[in-house]
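J.: Please find one structure pasted underneath; my questions will follow.
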Amino acid sequence: MSKFLAYLKTSTFRKNLIIAIVSVAVFLLLIFFCLRFYTRHGEGVAVPKLKGLPVEQAIALLESQGLRYQVDSVYQIDKEPGMVTEQDPDQGTNVKFNRTIYLTIITRNAPNVGFPDIFETSYLEARAVLSNYGIKIADTSYTSDIMRDRVLSVMYRGQNIMKGDAIPKGSSISLVLGDGKGASEVDLPNVVGLSLPEAIFSLKGSSLTMGSVSYQGSVTDTINAKVFKQYPAVSDSLYKVAIGTPVDLILSNDLPPVPSVDIKKVAP
C-alpha cells in the first residue's frame, strides 16, 4: 500500500494521468464533431403546408425543397378528388433534406361496394344502411303495396339492382316504396244472374261497393229477383276497376233464358 501511495506521488504517474485525460477529451471531441457532421446538425428544412393542395402541386413543392414523398389514397364522398387531405410530418416540422413526407390524397376512382340487403325493410332502415355504405338516395317513387314506405325495388342508372350487385361508392340510387294502400285495382266480378244478396256478397268480396238498385219490368217477387244488368259491366275492355267503385244493379223476375250451346264432335 505504501508503494502504491509513493507511486501516485511520482512524475511518471502524473504524466500518464495527464495523457489519459487528454486522450479521453480528444476522443469525445472527435465523436461529437463526427456525429455532428454525419447528422448535419442544424441543417434541414421546414415541412411546407401540403394539406388542401392538389397532389401535383404538393409533389412539385416537396421536390423543390429536396424532400421525397410517398402517397396513399382514401375515398371520401364530400372531398374533391386529387386533393391532399393528410400529411406526415405536420406543417412547420424541421426535417433533414431527402426526408420522406407521407401524403394522403382523395382518390379519383370510387371503390365498388356490394349493394346491401335493404329489400322489404322500411325507408328509414334502408336510409341508415345506405348511409353506412356511402350510397345516396336520389329520389323515391311509390307503387301499390299493403305496407307504407316498404322498399320494393331499387334502380341504379335505370336498371334494377339486387343484393350483392357491385356499384361505385357514393353512387345515387332510386327507391320504389309501397304506398300502404294495397292494390289500387281489382277484378270486376260479373254478378248478372245472381240474387241481390249474392251480388252484394260478391261485390264486398272484391272490395267494391253497392251502387243504386233498380228493377225492370213487373217485379212480383223481390226475394227471387235476379240481376239483369250491372254498371259498369264486364267487357273485353273493362275487367278491372278501382277499389271501392260503386256498381249499380238492375234486377228483374223475367231474365231471358241462357242460350244452350251444342258441342259437336268434329271428326278429324
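By order of appearance in the C-alpha cells: chains A, B, ..., then residues from 1 within every chain, and ligands from 1 in the order shown.
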Just list as a PyMOL selection string whatever in segment 76-173 of chain A DSSP marks as strand (DSSP E).

T.: chain A and resi 84-88+94-95+100-106+112-114+136-143+148-156+159-160+166-168+172-173

J.: Quick one: pick out all helix (DSSP H, G or I) residues within segment 7-168 of chain A from a backbone DSSP run and write them as a ChimeraX atom specification.

T.: /A:7-8,11-39,55-64,123-132

J.: For Ser184 of chain A, which residue out of A:Ile167, A:Pro197, A:Val234, A:Lys240 is the nearest one, using only C-alpha atoms?

T.: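 Of A:Ile167, A:Pro197, A:Val234, A:Lys240, the one nearest Ser184 of chain A, counting only C-alpha atoms, is A:Lys240.
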
J.: Excluding same-chain residues fewer than 2 positions from Leu62 of chain A, what lies within 10 Å of it counting only C-alpha atoms, as a PyMOL selection string?

T.: chain A and resi 47-48+50+57-60+64-69+98-101

J.: Kindly export the residues of the current selection with all heavy atoms, as a compact mmCIF listing (two decimals), in the first residue's frame.

T.:
# COMPACT_ATOMS: atom_id res chain seq x y z
N VAL A 47 -41.11 21.62 -43.11
CA VAL A 47 -42.09 20.98 -43.99
C VAL A 47 -43.15 22.01 -44.38
O VAL A 47 -43.74 22.66 -43.51
CB VAL A 47 -42.75 19.77 -43.28
CG1 VAL A 47 -43.82 19.16 -44.17
CG2 VAL A 47 -41.70 18.74 -42.91
N PRO A 48 -43.39 22.18 -45.66
CA PRO A 48 -44.40 23.16 -46.08
C PRO A 48 -45.83 22.67 -45.84
O PRO A 48 -46.05 21.48 -45.57
CB PRO A 48 -44.14 23.31 -47.58
CG PRO A 48 -43.56 21.99 -47.99
CD PRO A 48 -42.75 21.51 -46.81
N LEU A 50 -49.06 21.28 -46.97
CA LEU A 50 -49.46 20.49 -48.13
C LEU A 50 -50.95 20.14 -48.13
O LEU A 50 -51.53 19.89 -49.19
CB LEU A 50 -48.64 19.20 -48.18
CG LEU A 50 -47.12 19.39 -48.16
CD1 LEU A 50 -46.42 18.06 -48.01
CD2 LEU A 50 -46.66 20.11 -49.43
N GLN A 57 -49.31 19.72 -57.23
CA GLN A 57 -48.65 20.91 -56.67
C GLN A 57 -47.87 20.56 -55.41
O GLN A 57 -46.76 21.09 -55.20
CB GLN A 57 -49.72 21.98 -56.36
CG GLN A 57 -49.15 23.29 -55.84
CD GLN A 57 -50.24 24.33 -55.60
OE1 GLN A 57 -51.36 24.19 -56.10
NE2 GLN A 57 -49.91 25.36 -54.85
N ALA A 58 -48.40 19.68 -54.58
CA ALA A 58 -47.71 19.26 -53.37
C ALA A 58 -46.41 18.54 -53.69
O ALA A 58 -45.36 18.78 -53.07
CB ALA A 58 -48.61 18.37 -52.52
N ILE A 59 -46.44 17.67 -54.69
CA ILE A 59 -45.24 16.92 -55.08
C ILE A 59 -44.18 17.87 -55.63
O ILE A 59 -42.98 17.76 -55.30
CB ILE A 59 -45.61 15.85 -56.12
CG1 ILE A 59 -46.43 14.73 -55.45
CG2 ILE A 59 -44.36 15.27 -56.77
CD1 ILE A 59 -46.94 13.69 -56.42
N ALA A 60 -44.58 18.81 -56.46
CA ALA A 60 -43.62 19.77 -57.01
C ALA A 60 -42.98 20.60 -55.90
O ALA A 60 -41.77 20.88 -55.93
CB ALA A 60 -44.33 20.68 -58.02
N SER A 64 -38.93 20.57 -54.91
CA SER A 64 -38.15 21.80 -54.97
C SER A 64 -37.36 22.05 -53.69
O SER A 64 -36.37 22.79 -53.70
CB SER A 64 -39.08 22.99 -55.25
OG SER A 64 -39.94 23.23 -54.13
N GLN A 65 -37.80 21.43 -52.57
CA GLN A 65 -37.12 21.61 -51.29
C GLN A 65 -36.26 20.40 -50.92
O GLN A 65 -35.81 20.28 -49.79
CB GLN A 65 -38.15 21.89 -50.19
CG GLN A 65 -38.92 23.19 -50.42
CD GLN A 65 -39.76 23.59 -49.22
OE1 GLN A 65 -39.60 23.05 -48.14
NE2 GLN A 65 -40.63 24.57 -49.42
N GLY A 66 -36.04 19.51 -51.88
CA GLY A 66 -35.16 18.38 -51.64
C GLY A 66 -35.77 17.32 -50.75
O GLY A 66 -35.04 16.61 -50.04
N LEU A 67 -37.05 17.18 -50.78
CA LEU A 67 -37.74 16.18 -49.94
C LEU A 67 -38.37 15.12 -50.84
O LEU A 67 -38.79 15.38 -51.96
CB LEU A 67 -38.81 16.85 -49.09
CG LEU A 67 -38.31 17.91 -48.10
CD1 LEU A 67 -39.49 18.62 -47.45
CD2 LEU A 67 -37.40 17.28 -47.04
N ARG A 68 -38.43 13.92 -50.31
CA ARG A 68 -39.09 12.83 -51.01
C ARG A 68 -40.52 12.71 -50.52
O ARG A 68 -40.91 13.34 -49.55
CB ARG A 68 -38.33 11.52 -50.79
CG ARG A 68 -36.91 11.53 -51.40
CD ARG A 68 -36.25 10.17 -51.27
NE ARG A 68 -36.07 9.79 -49.86
CZ ARG A 68 -35.66 8.59 -49.46
NH1 ARG A 68 -35.41 7.65 -50.37
NH2 ARG A 68 -35.50 8.33 -48.18
N TYR A 69 -41.29 11.87 -51.18
CA TYR A 69 -42.70 11.73 -50.80
C TYR A 69 -43.17 10.30 -51.04
O TYR A 69 -42.61 9.56 -51.85
CB TYR A 69 -43.57 12.71 -51.60
CG TYR A 69 -43.51 12.49 -53.11
CD1 TYR A 69 -44.38 11.62 -53.74
CD2 TYR A 69 -42.55 13.16 -53.88
CE1 TYR A 69 -44.31 11.41 -55.10
CE2 TYR A 69 -42.48 12.96 -55.24
CZ TYR A 69 -43.37 12.08 -55.85
OH TYR A 69 -43.30 11.87 -57.19
N ASN A 98 -33.90 15.28 -48.08
CA ASN A 98 -34.13 13.93 -48.58
C ASN A 98 -35.04 13.11 -47.67
O ASN A 98 -35.16 11.90 -47.84
CB ASN A 98 -32.80 13.18 -48.79
CG ASN A 98 -32.92 12.16 -49.92
OD1 ASN A 98 -33.64 12.40 -50.89
ND2 ASN A 98 -32.22 11.05 -49.79
N ARG A 99 -35.67 13.77 -46.69
CA ARG A 99 -36.62 13.08 -45.80
C ARG A 99 -37.89 12.73 -46.59
O ARG A 99 -38.32 13.48 -47.45
CB ARG A 99 -36.95 13.98 -44.61
CG ARG A 99 -38.12 13.54 -43.77
CD ARG A 99 -37.80 12.35 -42.88
NE ARG A 99 -38.97 11.96 -42.11
CZ ARG A 99 -39.27 12.46 -40.89
NH1 ARG A 99 -38.47 13.38 -40.33
NH2 ARG A 99 -40.34 12.06 -40.25
N THR A 100 -38.49 11.58 -46.28
CA THR A 100 -39.73 11.17 -46.93
C THR A 100 -40.93 11.78 -46.20
O THR A 100 -41.07 11.62 -44.98
CB THR A 100 -39.87 9.64 -46.95
OG1 THR A 100 -38.79 9.07 -47.69
CG2 THR A 100 -41.19 9.21 -47.59
N ILE A 101 -41.77 12.46 -46.94
CA ILE A 101 -43.01 13.05 -46.42
C ILE A 101 -44.17 12.18 -46.90
O ILE A 101 -44.28 11.90 -48.10
CB ILE A 101 -43.19 14.50 -46.88
CG1 ILE A 101 -41.93 15.32 -46.58
CG2 ILE A 101 -44.42 15.11 -46.23
CD1 ILE A 101 -41.57 15.38 -45.11

J.: Near Ile200 of chain A, within 12 Å and counting only C-alpha atoms, which residues show up once chain neighbours fewer than 2 positions away are dropped, as a PDB file with N, CA, C and O atoms, in the first residue's frame?

T.:
ATOM      1  N   PRO A 189    -116.254  -8.254 -60.825  1.00  0.00           N
ATOM      2  CA  PRO A 189    -116.998  -9.525 -60.924  1.00  0.00           C
ATOM      3  C   PRO A 189    -118.253  -9.375 -61.795  1.00  0.00           C
ATOM      4  O   PRO A 189    -118.834  -8.295 -61.887  1.00  0.00           O
ATOM      5  N   ASN A 190    -118.635 -10.449 -62.410  1.00  0.00           N
ATOM      6  CA  ASN A 190    -119.882 -10.483 -63.184  1.00  0.00           C
ATOM      7  C   ASN A 190    -120.972 -11.050 -62.279  1.00  0.00           C
ATOM      8  O   ASN A 190    -120.978 -12.239 -61.949  1.00  0.00           O
ATOM      9  N   VAL A 191    -121.918 -10.187 -61.877  1.00  0.00           N
ATOM     10  CA  VAL A 191    -122.966 -10.619 -60.945  1.00  0.00           C
ATOM     11  C   VAL A 191    -124.305 -10.799 -61.644  1.00  0.00           C
ATOM     12  O   VAL A 191    -125.334 -11.007 -60.966  1.00  0.00           O
ATOM     13  N   VAL A 192    -124.326 -10.719 -62.955  1.00  0.00           N
ATOM     14  CA  VAL A 192    -125.574 -10.943 -63.700  1.00  0.00           C
ATOM     15  C   VAL A 192    -126.050 -12.372 -63.460  1.00  0.00           C
ATOM     16  O   VAL A 192    -125.280 -13.339 -63.571  1.00  0.00           O
ATOM     17  N   LEU A 194    -127.282 -13.344 -60.517  1.00  0.00           N
ATOM     18  CA  LEU A 194    -127.271 -13.599 -59.076  1.00  0.00           C
ATOM     19  C   LEU A 194    -128.416 -12.864 -58.404  1.00  0.00           C
ATOM     20  O   LEU A 194    -128.910 -11.840 -58.900  1.00  0.00           O
ATOM     21  N   SER A 195    -128.841 -13.372 -57.243  1.00  0.00           N
ATOM     22  CA  SER A 195    -129.822 -12.652 -56.437  1.00  0.00           C
ATOM     23  C   SER A 195    -129.150 -11.444 -55.803  1.00  0.00           C
ATOM     24  O   SER A 195    -127.918 -11.321 -55.806  1.00  0.00           O
ATOM     25  N   LEU A 196    -129.985 -10.546 -55.250  1.00  0.00           N
ATOM     26  CA  LEU A 196    -129.420  -9.335 -54.663  1.00  0.00           C
ATOM     27  C   LEU A 196    -128.453  -9.656 -53.513  1.00  0.00           C
ATOM     28  O   LEU A 196    -127.344  -9.099 -53.480  1.00  0.00           O
ATOM     29  N   PRO A 197    -128.795 -10.545 -52.558  1.00  0.00           N
ATOM     30  CA  PRO A 197    -127.820 -10.873 -51.500  1.00  0.00           C
ATOM     31  C   PRO A 197    -126.534 -11.484 -52.055  1.00  0.00           C
ATOM     32  O   PRO A 197    -125.439 -11.188 -51.582  1.00  0.00           O
ATOM     33  N   GLU A 198    -126.662 -12.347 -53.078  1.00  0.00           N
ATOM     34  CA  GLU A 198    -125.475 -12.962 -53.671  1.00  0.00           C
ATOM     35  C   GLU A 198    -124.602 -11.905 -54.366  1.00  0.00           C
ATOM     36  O   GLU A 198    -123.368 -11.947 -54.275  1.00  0.00           O
ATOM     37  N   SER A 202    -120.747 -10.821 -53.415  1.00  0.00           N
ATOM     38  CA  SER A 202    -119.671 -10.874 -54.409  1.00  0.00           C
ATOM     39  C   SER A 202    -118.958  -9.536 -54.523  1.00  0.00           C
ATOM     40  O   SER A 202    -117.725  -9.478 -54.618  1.00  0.00           O
ATOM     41  N   LEU A 203    -119.729  -8.437 -54.499  1.00  0.00           N
ATOM     42  CA  LEU A 203    -119.116  -7.119 -54.615  1.00  0.00           C
ATOM     43  C   LEU A 203    -118.249  -6.796 -53.399  1.00  0.00           C
ATOM     44  O   LEU A 203    -117.142  -6.260 -53.536  1.00  0.00           O
ATOM     45  N   LYS A 204    -118.741  -7.108 -52.203  1.00  0.00           N
ATOM     46  CA  LYS A 204    -117.937  -6.866 -50.997  1.00  0.00           C
ATOM     47  C   LYS A 204    -116.665  -7.697 -51.007  1.00  0.00           C
ATOM     48  O   LYS A 204    -115.603  -7.232 -50.574  1.00  0.00           O
ATOM     49  N   GLY A 205    -116.752  -8.916 -51.503  1.00  0.00           N
ATOM     50  CA  GLY A 205    -115.561  -9.765 -51.574  1.00  0.00           C
ATOM     51  C   GLY A 205    -114.514  -9.228 -52.517  1.00  0.00           C
ATOM     52  O   GLY A 205    -113.326  -9.546 -52.393  1.00  0.00           O
ATOM     53  N   SER A 206    -114.926  -8.392 -53.458  1.00  0.00           N
ATOM     54  CA  SER A 206    -113.989  -7.783 -54.412  1.00  0.00           C
ATOM     55  C   SER A 206    -113.615  -6.357 -54.017  1.00  0.00           C
ATOM     56  O   SER A 206    -113.031  -5.626 -54.826  1.00  0.00           O
ATOM     57  N   SER A 207    -113.961  -5.948 -52.790  1.00  0.00           N
ATOM     58  CA  SER A 207    -113.660  -4.599 -52.278  1.00  0.00           C
ATOM     59  C   SER A 207    -114.358  -3.514 -53.082  1.00  0.00           C
ATOM     60  O   SER A 207    -113.838  -2.413 -53.261  1.00  0.00           O
ATOM     61  N   LEU A 208    -115.560  -3.829 -53.590  1.00  0.00           N
ATOM     62  CA  LEU A 208    -116.377  -2.867 -54.296  1.00  0.00           C
ATOM     63  C   LEU A 208    -117.602  -2.540 -53.450  1.00  0.00           C
ATOM     64  O   LEU A 208    -117.924  -3.249 -52.494  1.00  0.00           O
ATOM     65  N   THR A 209    -118.290  -1.459 -53.801  1.00  0.00           N
ATOM     66  CA  THR A 209    -119.453  -1.045 -53.026  1.00  0.00           C
ATOM     67  C   THR A 209    -120.726  -1.158 -53.863  1.00  0.00           C
ATOM     68  O   THR A 209    -120.680  -1.146 -55.101  1.00  0.00           O
ATOM     69  N   MET A 210    -121.844  -1.262 -53.160  1.00  0.00           N
ATOM     70  CA  MET A 210    -123.133  -1.340 -53.823  1.00  0.00           C
ATOM     71  C   MET A 210    -123.547   0.054 -54.268  1.00  0.00           C
ATOM     72  O   MET A 210    -123.519   1.018 -53.491  1.00  0.00           O
ATOM     73  N   GLY A 211    -123.926   0.171 -55.541  1.00  0.00           N
ATOM     74  CA  GLY A 211    -124.444   1.426 -56.052  1.00  0.00           C
ATOM     75  C   GLY A 211    -125.959   1.465 -55.915  1.00  0.00           C
ATOM     76  O   GLY A 211    -126.529   1.000 -54.928  1.00  0.00           O
ATOM     77  N   SER A 212    -126.609   1.979 -56.912  1.00  0.00           N
ATOM     78  CA  SER A 212    -128.073   2.029 -56.887  1.00  0.00           C
ATOM     79  C   SER A 212    -128.662   0.676 -57.285  1.00  0.00           C
ATOM     80  O   SER A 212    -128.053  -0.075 -58.054  1.00  0.00           O
ATOM     81  N   VAL A 213    -129.838   0.380 -56.755  1.00  0.00           N
ATOM     82  CA  VAL A 213    -130.555  -0.860 -57.076  1.00  0.00           C
ATOM     83  C   VAL A 213    -131.905  -0.469 -57.659  1.00  0.00           C
ATOM     84  O   VAL A 213    -132.670   0.292 -57.048  1.00  0.00           O
ATOM     85  N   LYS A 226    -133.456 -11.552 -59.902  1.00  0.00           N
ATOM     86  CA  LYS A 226    -132.052 -11.752 -60.259  1.00  0.00           C
ATOM     87  C   LYS A 226    -131.504 -10.485 -60.936  1.00  0.00           C
ATOM     88  O   LYS A 226    -132.247  -9.672 -61.490  1.00  0.00           O
ATOM     89  N   VAL A 227    -130.194 -10.357 -60.866  1.00  0.00           N
ATOM     90  CA  VAL A 227    -129.543  -9.217 -61.515  1.00  0.00           C
ATOM     91  C   VAL A 227    -129.666  -9.378 -63.018  1.00  0.00           C
ATOM     92  O   VAL A 227    -129.243 -10.382 -63.594  1.00  0.00           O
ATOM     93  N   GLN A 230    -125.693  -4.860 -64.887  1.00  0.00           N
ATOM     94  CA  GLN A 230    -124.832  -4.173 -63.916  1.00  0.00           C
ATOM     95  C   GLN A 230    -124.041  -3.091 -64.637  1.00  0.00           C
ATOM     96  O   GLN A 230    -123.715  -3.228 -65.813  1.00  0.00           O
ATOM     97  N   PRO A 246    -118.448   1.977 -56.962  1.00  0.00           N
ATOM     98  CA  PRO A 246    -119.845   1.531 -56.801  1.00  0.00           C
ATOM     99  C   PRO A 246    -120.355   0.843 -58.072  1.00  0.00           C
ATOM    100  O   PRO A 246    -120.039   1.274 -59.188  1.00  0.00           O
ATOM    101  N   VAL A 247    -121.095  -0.217 -57.896  1.00  0.00           N
ATOM    102  CA  VAL A 247    -121.658  -0.966 -59.016  1.00  0.00           C
ATOM    103  C   VAL A 247    -123.187  -0.877 -58.923  1.00  0.00           C
ATOM    104  O   VAL A 247    -123.781  -1.276 -57.908  1.00  0.00           O
ATOM    105  N   ASP A 248    -123.813  -0.319 -59.943  1.00  0.00           N
ATOM    106  CA  ASP A 248    -125.270  -0.204 -59.995  1.00  0.00           C
ATOM    107  C   ASP A 248    -125.865  -1.510 -60.519  1.00  0.00           C
ATOM    108  O   ASP A 248    -125.330  -2.119 -61.469  1.00  0.00           O
ATOM    109  N   LEU A 249    -126.988  -1.915 -59.935  1.00  0.00           N
ATOM    110  CA  LEU A 249    -127.627  -3.180 -60.301  1.00  0.00           C
ATOM    111  C   LEU A 249    -129.054  -2.936 -60.760  1.00  0.00           C
ATOM    112  O   LEU A 249    -129.773  -2.104 -60.200  1.00  0.00           O
TER     113      LEU A 249
END
